[in-house]
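Encoded as structure tokens, the structure appears first; notes follow it.
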Amino acid sequence: MTEFSGLELAQPLLRAISDEGYNTPTPIQAKAIPPLLDGRDLLGVAQTGTGKTAAFALPTLHHLTQDGSKLQPMKPRALILAPTRELAGQIGDSFRRYSRHMGLRSTVVFGGVSIRPQIKALAQGVHVLVATPGRLLDLMNQGKVRLDAVEIYILDEADRMLDMGFIRDVKKITAAVPRQRQTALFSATMPKSVQGLADGLLVDSVRVEVAPTATTAEKVSQRVLFVAKDKKRALLGELMADVDISRVLIFTRTKHGANRVAKHLGQIGVDADAIHGNKSQGARERALKGFRSGKLRALVATDIAARGIDVDGVTHVINFDLPNEPESYVHRIGRTARAGASGMAISFCDHEERAYLADIEKVIRQTVPVDEEHPFHLAQIVQGPGPAGKAPQRKRRPNRRRSQRPAARAA
Ligand code: AMP
């Protein structure tokens with residue numbers, strides 16, 4: 001796992017991070033900070049709660065401290081746009097905290113409050129300006145701020161910015177910022193309108209994406225089933241006897257694995273199809289349509305193929321294989337429990353996957369409860385050391401969710 005010390009951030013920032021009590025970078029930080037430090041443009045798909053503010057604030061402060069901290073009145077060097085005053089305020093607070101050991105100044109401007117103190121702060125000069133679009137345009141029109149010294153331009157919650165009708169304001173502001181600059185755009189979702197905005201703003205950008213770790217993991221009830229590798233298919237068959245599993249997304253690590261599982265499901269009378277990179281676009285679309293309409297009860301997918309899948313009402317996610325990247329786990333389980341609905345994620349873990357499970361539990365900061373009562377439960381996997389020797393000794397937990405056990409068991 002990446003450490004903050006490995007990210008080549010300036011010492012005063014590392015000190016501030018330590019003051020904050022952050023131990024390790026969150027996934028969006030680990031992914032976004034290196035390209036931003038390299039000066040690349042960036043598209044970040046991440047929600048609030050993922051640590052995205054620090055993901056852009058730390059590299060911004062790092063750049064500002066590297067090339068001298070000269071201050072010019074009314075001319076910020078970094079501009080952060082946010083859709084609401086609450087968010088702008090939070091971002092401003094973060095910049096203040098992260099820059100506490102540096103001589104850098106920042107201010108926040110938003111509407112609904114007196115403009116005078118904002119004008120005064122800008123006149124004194126700030127390195128970082130956090131602003132909502134409307135008030136910023138006001139200040140620009142009054143000649144109280146100039147954006148021609150902006151080197152770093154960040155748009156946060158771009159989807160919300162567009163939903164709130166700020167597109168024209170954003171365009172006007174963008175036109176006032178020099179073309180020669182670093183730009184980053186963050187958005188929780190990526191509808192076409194946001195993609196269009198990003199295309200117009202970013203040059204040769206890096207795209208990074210994370211699921212909202214804690215929140216997703218909290219909403220989805222999860223359990224892990226320890227099982228021998230060669231018993232996974234039979235176990236899946238058992239589970240599918242539960243009619244509550246009405247729309248299920250099943251993940252495998254490989255394309256062949258996806259085909260095999262889909263075929264097996266077909267043989268036991270479950271309407272299923274597979275979706276992966278070896279399938280034609282037409283075949284993928286047919287499978288997705290069938291899944292969406294309810295004609296298919298199960299869709300078997302690899303991680304890459306699942307990226308574009310956006311289907312509501314997925315009752316269960318089954319990890320037939322555990323992913324070797326913990327973040328994929330969060331992505332996968334985030335396919336259920338969408339839009340406030342509850343959902344369930346069931347993971348199969350064989351002996352070789354123990355270390356993957358340990359890594360996942362570190363990232364989600366939870367222990368996934370073990371179902372010890374399913375017919376294929378293999379106690380040795382709980383007790384024995386993982387293949388990489390990484391998995392900790394687990395506490396045995398009784399299965400508290402009897403009602404969610406496969407119906408076939410009760411029969
Ligand atoms: P954000 O998504 O930027 O709103 O951040 C969500 C919360 O996570 C904030 O309260 C941050 O202080 C906190 N946070 C950000 N980065 C880390 C980290 N690396 N470790 C622990 N907490 C963090």
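Chain labels follow the order of the structure tokens: the first chain is A, the next B, and so on; residue numbering restarts at 1 in every chain, and ligands are counted from 1 in their shown order.
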**Study point:** Test item: residues lying within 10 Å of ligand 1 with only C-alpha atoms and all ligand atoms, as number ranges by chain
**Key:** A: 3-4, 17-18, 20-30, 46-57, 87, 90-91, 93-94, 97, 212, 214
Exercise for review: Would you list the contacts of region 171-183 of chain A as JSON, numbers by chain, taking every protein, DNA or RNA residue within 12 Å and counting only C-alpha atoms, but skipping same-chain residues closer than 5 positions in sequence?
Suggested key: {"A": [35, 36, 37, 38, 39, 40, 41, 42, 43, 44, 56, 59, 60, 63, 75, 76, 77, 78, 79, 80, 81, 131, 132, 133, 134, 135, 136, 137, 138, 139, 140, 141, 145, 146, 147, 148, 149, 150, 151, 152, 153, 154, 155, 156, 161, 162, 165, 166, 197, 198, 199, 200, 201, 202, 203, 204, 205, 206]}
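The set of residues in region 309-349 of chain A assigned to helix (DSSP H, G or I) by DSSP, using only backbone atoms of this structure, is Pro326, Glu327, Ser328, Tyr329, Val330, His331, Arg332, Ile333, Arg338, Ala339 and Gly340 of chain A.
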Point to revise | Surrounding residues of Asp303 (chain A) excluding itself and chain neighbours under 4 positions, 9 Å, only C-alpha atoms, as a ChimeraX atom specification | key: /A:251-254,276,307,323,328,331-332
Exercise for review: Please provide as a VMD selection string all residues within 12 Å of Val224 (chain A), with the sequence filter that same-chain residues fewer than 6 positions apart are discarded (counting only C-alpha atoms).
Suggested key: chain A and resid 317 to 322 344 to 350 353 to 354 357 to 358 360 to 361 367 to 374 377 to 378 381 to 382 396 to 397 399
Point to revise | Length of the CA of Ala262 (chain A) to CA of Ala228 (chain A) vector [Å] | key: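 If I compute the distance from CA of Ala262 (chain A) to CA of Ala228 (chain A), I get 19.5 Å.
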